[in-house]
$ cat start.cif   # mmCIF, C-alpha atoms and all ligand atoms
data_run
loop_
_atom_site.label_atom_id
_atom_site.label_comp_id
_atom_site.auth_asym_id
_atom_site.auth_seq_id
_atom_site.Cartn_x
_atom_site.Cartn_y
_atom_site.Cartn_z
CA MET A 1 108.50 110.03 85.98
CA THR A 2 107.60 106.50 85.00
CA THR A 3 109.56 104.67 82.31
CA SER A 4 106.96 101.91 82.08
CA VAL A 5 105.86 100.84 78.63
CA ALA A 6 102.54 99.64 80.01
CA PRO A 7 99.30 101.57 79.61
CA ASP A 8 98.47 103.66 82.67
CA TYR A 9 95.27 101.98 83.82
CA ILE A 10 92.32 99.85 82.76
CA ALA A 11 89.53 101.89 81.14
CA HIS A 12 86.70 99.55 80.17
CA TRP A 13 85.79 96.21 78.72
CA VAL A 14 83.31 95.38 76.00
CA VAL A 15 80.99 92.42 75.68
CA LYS A 16 78.95 91.24 72.72
CA THR A 17 75.70 89.97 74.15
CA ALA A 18 72.31 88.64 73.10
CA ARG A 19 70.88 89.60 76.52
CA THR A 20 71.41 93.35 76.80
CA ASP A 21 68.39 94.03 79.04
CA GLU A 22 69.27 91.20 81.41
CA MET A 23 72.90 92.35 81.55
CA VAL A 24 71.90 95.97 82.24
CA ARG A 25 69.63 94.83 85.08
CA TRP A 26 72.36 92.64 86.58
CA TYR A 27 75.07 95.33 86.44
CA SER A 28 72.62 97.91 87.81
CA THR A 29 71.93 95.63 90.76
CA VAL A 30 75.46 94.39 91.38
CA PHE A 31 77.52 97.49 90.54
CA GLY A 32 74.91 100.21 90.90
CA ALA A 33 75.65 100.85 87.21
CA THR A 34 73.87 103.59 85.31
CA ILE A 35 73.43 103.91 81.56
CA ALA A 36 75.81 106.57 80.20
CA TYR A 37 74.63 106.06 76.62
CA GLN A 38 72.33 103.66 74.82
CA ASP A 39 71.04 103.12 71.31
CA GLU A 40 69.70 100.01 69.61
CA GLY A 41 73.19 98.61 69.13
CA ILE A 42 75.29 99.64 72.09
CA THR A 43 74.97 100.40 75.78
CA PHE A 44 77.61 102.15 77.87
CA LEU A 45 77.48 101.46 81.60
CA THR A 46 79.39 103.31 84.27
CA TRP A 47 79.61 103.06 88.05
CA ASP A 48 82.55 105.30 88.91
CA ASP A 49 84.46 108.27 87.49
CA GLU A 50 85.20 106.53 84.17
CA SER A 51 82.85 107.68 81.38
CA HIS A 52 82.05 104.04 80.67
CA ARG A 53 83.35 100.92 82.37
CA LEU A 54 81.45 98.33 80.43
CA ALA A 55 80.04 98.51 76.92
CA LEU A 56 77.48 96.03 75.70
CA ILE A 57 77.23 95.44 71.97
CA ALA A 58 73.86 93.93 71.11
CA VAL A 59 73.90 90.94 68.81
CA PRO A 60 70.68 89.35 67.50
CA LYS A 61 69.09 87.06 70.09
CA PRO A 62 69.39 83.90 67.90
CA VAL A 63 73.20 84.29 68.02
CA ARG A 64 73.11 82.64 71.43
CA PHE A 65 72.06 79.39 69.71
CA VAL A 66 75.19 79.54 67.55
CA PHE A 67 77.30 79.44 70.72
CA PRO A 68 75.34 77.10 73.00
CA PHE A 69 78.39 76.42 75.17
CA ALA A 70 79.60 80.03 75.38
CA LYS A 71 79.17 80.06 79.17
CA LEU A 72 81.49 77.07 79.46
CA LYS A 73 84.26 78.54 77.33
CA ARG A 74 85.98 80.34 80.17
CA LYS A 75 86.27 77.07 82.08
CA ALA A 76 88.66 75.82 79.41
CA TYR A 77 90.19 78.70 77.47
CA GLY A 78 90.70 82.44 77.24
CA ILE A 79 90.00 85.09 79.85
CA ASP A 80 88.84 83.45 83.06
CA HIS A 81 87.73 86.40 85.18
CA ILE A 82 88.10 90.06 86.01
CA ALA A 83 88.98 90.88 89.63
CA LEU A 84 87.66 93.98 91.37
CA THR A 85 88.75 95.17 94.78
CA PHE A 86 86.74 96.30 97.77
CA VAL A 87 88.87 98.35 100.15
CA SER A 88 87.65 96.57 103.28
CA LEU A 89 86.54 93.08 104.30
CA GLU A 90 83.43 94.63 105.79
CA ARG A 91 82.43 96.23 102.47
CA LEU A 92 83.06 92.96 100.61
CA LEU A 93 80.92 90.96 103.03
CA GLU A 94 78.16 93.56 103.42
CA ASN A 95 77.87 93.49 99.64
CA TYR A 96 77.64 89.70 99.78
CA VAL A 97 74.67 90.01 102.15
CA ARG A 98 73.01 92.68 100.00
CA LEU A 99 73.32 90.59 96.85
CA LYS A 100 72.22 87.38 98.56
CA ARG A 101 68.99 89.09 99.63
CA LEU A 102 68.46 89.90 95.94
CA GLY A 103 69.05 86.27 94.96
CA ILE A 104 72.58 86.77 93.60
CA GLU A 105 75.08 84.42 95.20
CA PRO A 106 78.75 83.71 94.56
CA VAL A 107 79.75 80.63 92.60
CA TRP A 108 82.89 80.37 94.74
CA SER A 109 83.96 81.89 98.08
CA ILE A 110 87.61 81.39 98.97
CA ASN A 111 90.50 82.83 100.92
CA HIS A 112 93.36 82.54 98.40
CA GLY A 113 95.85 83.77 101.00
CA PRO A 114 96.67 87.11 99.38
CA THR A 115 92.97 87.89 99.00
CA ILE A 116 89.55 86.93 100.29
CA SER A 117 87.53 86.48 97.12
CA LEU A 118 83.90 86.03 96.15
CA TYR A 119 83.34 85.01 92.53
CA TYR A 120 80.11 85.94 90.75
CA GLU A 121 78.90 85.30 87.21
CA ASP A 122 76.89 87.73 85.12
CA PRO A 123 73.97 86.55 82.92
CA ASP A 124 76.42 85.77 80.09
CA GLY A 125 78.61 83.68 82.39
CA ILE A 126 81.39 86.27 82.63
CA ARG A 127 83.11 85.72 85.95
CA LEU A 128 83.90 88.61 88.26
CA GLU A 129 86.01 88.23 91.36
CA PHE A 130 85.17 90.62 94.19
CA GLN A 131 88.14 90.66 96.51
CA VAL A 132 89.78 92.32 99.45
CA GLU A 133 93.56 92.33 99.76
CA ASN A 134 94.76 90.58 102.90
CA PHE A 135 98.22 92.16 102.88
CA ASP A 136 100.18 94.94 101.25
CA PRO A 137 101.72 94.05 97.84
CA GLU A 138 105.25 93.45 99.20
CA HIS A 139 103.98 90.95 101.75
CA THR A 140 101.89 89.18 99.12
CA SER A 141 104.86 88.98 96.72
CA ALA A 142 106.90 87.35 99.49
CA PHE A 143 104.03 84.97 100.32
CA PHE A 144 104.37 83.42 96.84
CA PHE A 145 107.76 82.05 97.95
CA THR A 146 106.66 80.48 101.24
CA ASP A 147 106.15 76.78 102.03
CA GLU A 148 102.53 77.54 102.83
CA PHE A 149 101.96 78.79 99.30
CA ALA A 150 103.87 75.83 97.80
CA ARG A 151 101.65 73.43 99.78
CA ASN A 152 98.42 75.19 98.86
CA PRO A 153 98.60 77.80 96.11
CA ILE A 154 94.82 77.92 95.64
CA GLY A 155 93.41 78.62 99.09
CA VAL A 156 90.71 77.51 101.51
CA ASN A 157 86.98 77.81 100.88
CA ILE A 158 85.23 80.24 103.22
CA ASP A 159 81.75 80.76 104.59
CA PRO A 160 81.18 84.51 104.02
CA GLU A 161 78.36 84.64 106.57
CA TYR A 162 80.54 83.08 109.23
CA LEU A 163 83.31 85.60 108.51
CA LEU A 164 80.82 88.47 108.64
CA SER A 165 79.37 87.28 111.94
CA GLN A 166 82.87 87.30 113.43
CA LEU A 167 83.62 90.71 111.97
CA ARG A 168 80.43 92.05 113.54
CA ASN A 169 81.53 90.51 116.85
CA GLY A 170 84.67 92.63 116.71
CA VAL A 171 87.21 90.14 115.34
CA PRO A 172 89.52 92.25 113.13
CA HIS A 173 90.41 91.55 109.49
CA GLU A 174 93.99 90.88 110.68
CA GLU A 175 92.74 87.69 112.36
CA LEU A 176 90.09 86.77 109.81
CA ARG A 177 92.59 86.88 106.94
CA ARG A 178 94.10 83.56 108.07
CA ARG A 179 93.04 81.05 105.43
CA GLU A 180 91.47 78.69 107.99
CA ALA A 181 89.51 81.50 109.67
CA GLY A 182 86.63 81.29 107.19
CA THR A 183 85.66 77.68 107.95
CA ARG A 184 82.72 77.42 110.33
CA PRO A 185 83.62 75.21 113.34
CA GLY A 186 82.44 71.63 112.84
CA HIS A 187 82.56 71.97 109.07
CA PRO A 188 85.25 70.33 106.92
CA VAL A 189 88.17 72.43 105.75
CA ILE A 190 88.08 72.43 101.94
CA ALA A 191 91.49 73.44 100.70
CA ASN A 192 93.77 73.54 97.70
CA LYS A 193 92.65 71.39 94.72
CA LYS A 194 89.58 70.18 96.66
CA THR A 195 88.16 73.68 96.21
CA ILE A 196 88.01 73.11 92.44
CA THR A 197 84.68 71.60 91.41
CA PRO A 198 82.66 71.77 88.17
CA LYS A 199 80.96 74.85 89.68
CA THR A 200 84.05 76.71 90.84
CA LEU A 201 86.35 75.77 87.94
FE FE A 301 91.76 86.42 90.47
#
$ encode --input "start.cif" --output "structure tokens"
Amino acid sequence: MTTSVAPDYIAHWVVKTARTDEMVRWYSTVFGATIAYQDEGITFLTWDDESHRLALIAVPKPVRFVFPFAKLKRKAYGIDHIALTFVSLERLLENYVRLKRLGIEPVWSINHGPTISLYYEDPDGIRLEFQVENFDPEHTSAFFFTDEFARNPIGVNIDPEYLLSQLRNGVPHEELRRREAGTRPGHPVIANKKTITPKTL
């Protein structure tokens, strides 16, 4: 029996948006979301066994002009992103290819060390991190206390297509999870604070 005071798991999140249709299309494409309920004010989306994972509250379209810099807010303050896990590197990278064909590309691709992560932004600029764990939780907890992490707590940018090509050539995730493994030969290694740009911030 758990004695935790924390809630048991995450249920859903809710977004006020002036772009409901665009958001529904994006989440349908990216998550395979379906509409669990919709009226003129609210849309419930689901993509797994939760009754609704994301609710969209429609606000009048002109509201977007009241918050012209809303997409930039997360770069400076408040919730930065929500991270969602794929259970294998292959599934993460196959999804990258699928979305790229549909014109949806990550704003940042990085091997943090504990995870390989592809960051996307929805039409309202909400950032979602699609990740695969590189290690089990105990190993990752220990990694936070290594010299390697002290030297570079952010990670090394990766080329997802290069990683996928190696995976398809039979190189296992155990080798590709090294932070340097995602840099295509002949290309510069972009690591630590150099990975932070106006786009990736
Ligand atoms: Fe994250």
$ atom_distance --input "start.cif" --atom1 "atom CA of A:Trp47" --atom2 "atom CA of A:Ala33"
4.6 Å
$ residues_around --input "start.cif" --residues "stretch 134-151 of chain A" --least-positions-apart "5" --cutoff "7 Å" --atoms "all atoms listed in the file" --output "PyMOL selection string"
chain A and resi 114-116+177
$ closest_atom_pairs --input "start.cif" --of "chain A" --to "ligand FE 301 (chain A)" --cutoff "12 Å" --atoms "only C-alpha atoms and all ligand atoms" --output "CSV"
residue,atom,partner,partner_atom,distance
A:Ile79,CA,A:FE301,FE,10.8
A:Asp80,CA,A:FE301,FE,8.5
A:His81,CA,A:FE301,FE,6.7
A:Ile82,CA,A:FE301,FE,6.8
A:Ala83,CA,A:FE301,FE,5.3
A:Leu84,CA,A:FE301,FE,8.6
A:Thr85,CA,A:FE301,FE,10.2
A:Trp108,CA,A:FE301,FE,11.6
A:Ser109,CA,A:FE301,FE,11.8
A:Ile110,CA,A:FE301,FE,10.7
A:Asn111,CA,A:FE301,FE,11.1
A:His112,CA,A:FE301,FE,9.0
A:Gly113,CA,A:FE301,FE,11.6
A:Pro114,CA,A:FE301,FE,10.2
A:Thr115,CA,A:FE301,FE,8.7
A:Ile116,CA,A:FE301,FE,10.1
A:Ser117,CA,A:FE301,FE,7.9
A:Leu118,CA,A:FE301,FE,9.7
A:Tyr119,CA,A:FE301,FE,8.8
A:Tyr120,CA,A:FE301,FE,11.7
A:Arg127,CA,A:FE301,FE,9.8
A:Leu128,CA,A:FE301,FE,8.5
A:Glu129,CA,A:FE301,FE,6.1
A:Phe130,CA,A:FE301,FE,8.7
A:Gln131,CA,A:FE301,FE,8.2
A:Val132,CA,A:FE301,FE,10.9
A:Glu133,CA,A:FE301,FE,11.2
A:Ile154,CA,A:FE301,FE,10.4
A:Gly155,CA,A:FE301,FE,11.7
$ write_last_selection --input "start.cif" --atoms "C-alpha atoms" --output "short mmCIF file (atom, residue, chain, number, x, y, z; two decimals), keeping the file's coordinate frame"
data_model
loop_
_atom_site.label_atom_id
_atom_site.label_comp_id
_atom_site.auth_asym_id
_atom_site.auth_seq_id
_atom_site.Cartn_x
_atom_site.Cartn_y
_atom_site.Cartn_z
CA ILE A 79 90.00 85.09 79.85
CA ASP A 80 88.84 83.45 83.06
CA HIS A 81 87.73 86.40 85.18
CA ILE A 82 88.10 90.06 86.01
CA ALA A 83 88.98 90.88 89.63
CA LEU A 84 87.66 93.98 91.37
CA THR A 85 88.75 95.17 94.78
CA TRP A 108 82.89 80.37 94.74
CA SER A 109 83.96 81.89 98.08
CA ILE A 110 87.61 81.39 98.97
CA ASN A 111 90.50 82.83 100.92
CA HIS A 112 93.36 82.54 98.40
CA GLY A 113 95.85 83.77 101.00
CA PRO A 114 96.67 87.11 99.38
CA THR A 115 92.97 87.89 99.00
CA ILE A 116 89.55 86.93 100.29
CA SER A 117 87.53 86.48 97.12
CA LEU A 118 83.90 86.03 96.15
CA TYR A 119 83.34 85.01 92.53
CA TYR A 120 80.11 85.94 90.75
CA ARG A 127 83.11 85.72 85.95
CA LEU A 128 83.90 88.61 88.26
CA GLU A 129 86.01 88.23 91.36
CA PHE A 130 85.17 90.62 94.19
CA GLN A 131 88.14 90.66 96.51
CA VAL A 132 89.78 92.32 99.45
CA GLU A 133 93.56 92.33 99.76
CA ILE A 154 94.82 77.92 95.64
CA GLY A 155 93.41 78.62 99.09
#
$ residues_around --input "start.cif" --residues "stretch 56-62 of chain A" --least-positions-apart "2" --cutoff "7 Å" --atoms "all atoms listed in the file" --output "list in words"
Val14, Val15, Lys16, Thr17, Ala18, Thr20, Gly41, Ile42, Thr43, Phe44, Leu54, Arg64 and Phe65 of chain A
$ atom_distance --input "start.cif" --atom1 "atom CA of A:Thr29" --atom2 "atom CA of A:Thr197"
27.2 Å
$ closest_residue --input "start.cif" --among "A:Ile104, A:Asn95, A:Gly182, A:Ala191" --to "A:Gln166" --atoms "all atoms listed in the file"
A:Gly182
$ closest_residue --input "start.cif" --among "A:Ala76, A:Ile158, A:Leu167, A:Leu89" --to "A:Pro106" --atoms "only C-alpha atoms"
A:Ile158
$ atom_distance --input "start.cif" --atom1 "atom CA of A:Glu175" --atom2 "atom CA of A:Leu163"
10.4 Å
$ closest_residue --input "start.cif" --among "A:Ile126, A:Pro68, A:Lys193, A:Lys73" --to "A:Trp13" --atoms "all atoms listed in the file"
A:Ile126
$ closest_residue --input "start.cif" --among "A:Lys194, A:His187, A:Lys71, A:Arg168" --to "A:Pro153" --atoms "all atoms listed in the file"
A:Lys194
$ closest_residue --input "start.cif" --among "A:Arg19, A:Lys75, A:His173, A:Arg178" --to "A:Glu90" --atoms "all atoms listed in the file"
A:His173
$ closest_residue --input "start.cif" --among "A:Val5, A:Ile35, A:Ala181, A:Ala70" --to "A:Arg53" --atoms "only C-alpha atoms"
A:Ile35
$ decode --input "start.cif" --residues "stretch 86-97 of chain A" --atoms "N, CA and C atoms" --output "PDB file, in the first residue's frame"
ATOM      1  N   PHE A  86       7.792   7.446 -25.617  1.00  0.00           N
ATOM      2  CA  PHE A  86       7.655   6.289 -26.505  1.00  0.00           C
ATOM      3  C   PHE A  86       8.474   5.159 -25.876  1.00  0.00           C
ATOM      4  N   VAL A  87       7.982   3.926 -25.996  1.00  0.00           N
ATOM      5  CA  VAL A  87       8.657   2.838 -25.282  1.00  0.00           C
ATOM      6  C   VAL A  87       9.873   2.308 -26.028  1.00  0.00           C
ATOM      7  N   SER A  88      10.091   2.746 -27.279  1.00  0.00           N
ATOM      8  CA  SER A  88      11.314   2.321 -27.957  1.00  0.00           C
ATOM      9  C   SER A  88      11.848   3.457 -28.822  1.00  0.00           C
ATOM     10  N   LEU A  89      13.177   3.413 -29.036  1.00  0.00           N
ATOM     11  CA  LEU A  89      13.815   4.408 -29.906  1.00  0.00           C
ATOM     12  C   LEU A  89      13.249   4.303 -31.317  1.00  0.00           C
ATOM     13  N   GLU A  90      13.005   3.071 -31.735  1.00  0.00           N
ATOM     14  CA  GLU A  90      12.462   2.863 -33.080  1.00  0.00           C
ATOM     15  C   GLU A  90      11.108   3.562 -33.241  1.00  0.00           C
ATOM     16  N   ARG A  91      10.233   3.404 -32.248  1.00  0.00           N
ATOM     17  CA  ARG A  91       8.907   4.033 -32.340  1.00  0.00           C
ATOM     18  C   ARG A  91       9.029   5.556 -32.338  1.00  0.00           C
ATOM     19  N   LEU A  92       9.934   6.088 -31.532  1.00  0.00           N
ATOM     20  CA  LEU A  92      10.153   7.538 -31.499  1.00  0.00           C
ATOM     21  C   LEU A  92      10.595   8.049 -32.869  1.00  0.00           C
ATOM     22  N   LEU A  93      11.553   7.341 -33.469  1.00  0.00           N
ATOM     23  CA  LEU A  93      12.133   7.816 -34.730  1.00  0.00           C
ATOM     24  C   LEU A  93      11.227   7.534 -35.922  1.00  0.00           C
ATOM     25  N   GLU A  94      10.504   6.408 -35.893  1.00  0.00           N
ATOM     26  CA  GLU A  94       9.533   6.143 -36.971  1.00  0.00           C
ATOM     27  C   GLU A  94       8.446   7.223 -36.961  1.00  0.00           C
ATOM     28  N   ASN A  95       8.072   7.657 -35.765  1.00  0.00           N
ATOM     29  CA  ASN A  95       7.073   8.722 -35.663  1.00  0.00           C
ATOM     30  C   ASN A  95       7.632  10.042 -36.193  1.00  0.00           C
ATOM     31  N   TYR A  96       8.922  10.271 -35.945  1.00  0.00           N
ATOM     32  CA  TYR A  96       9.582  11.458 -36.503  1.00  0.00           C
ATOM     33  C   TYR A  96       9.458  11.465 -38.029  1.00  0.00           C
ATOM     34  N   VAL A  97       9.733  10.312 -38.651  1.00  0.00           N
ATOM     35  CA  VAL A  97       9.661  10.216 -40.112  1.00  0.00           C
ATOM     36  C   VAL A  97       8.228  10.441 -40.595  1.00  0.00           C
TER      37      VAL A  97
END
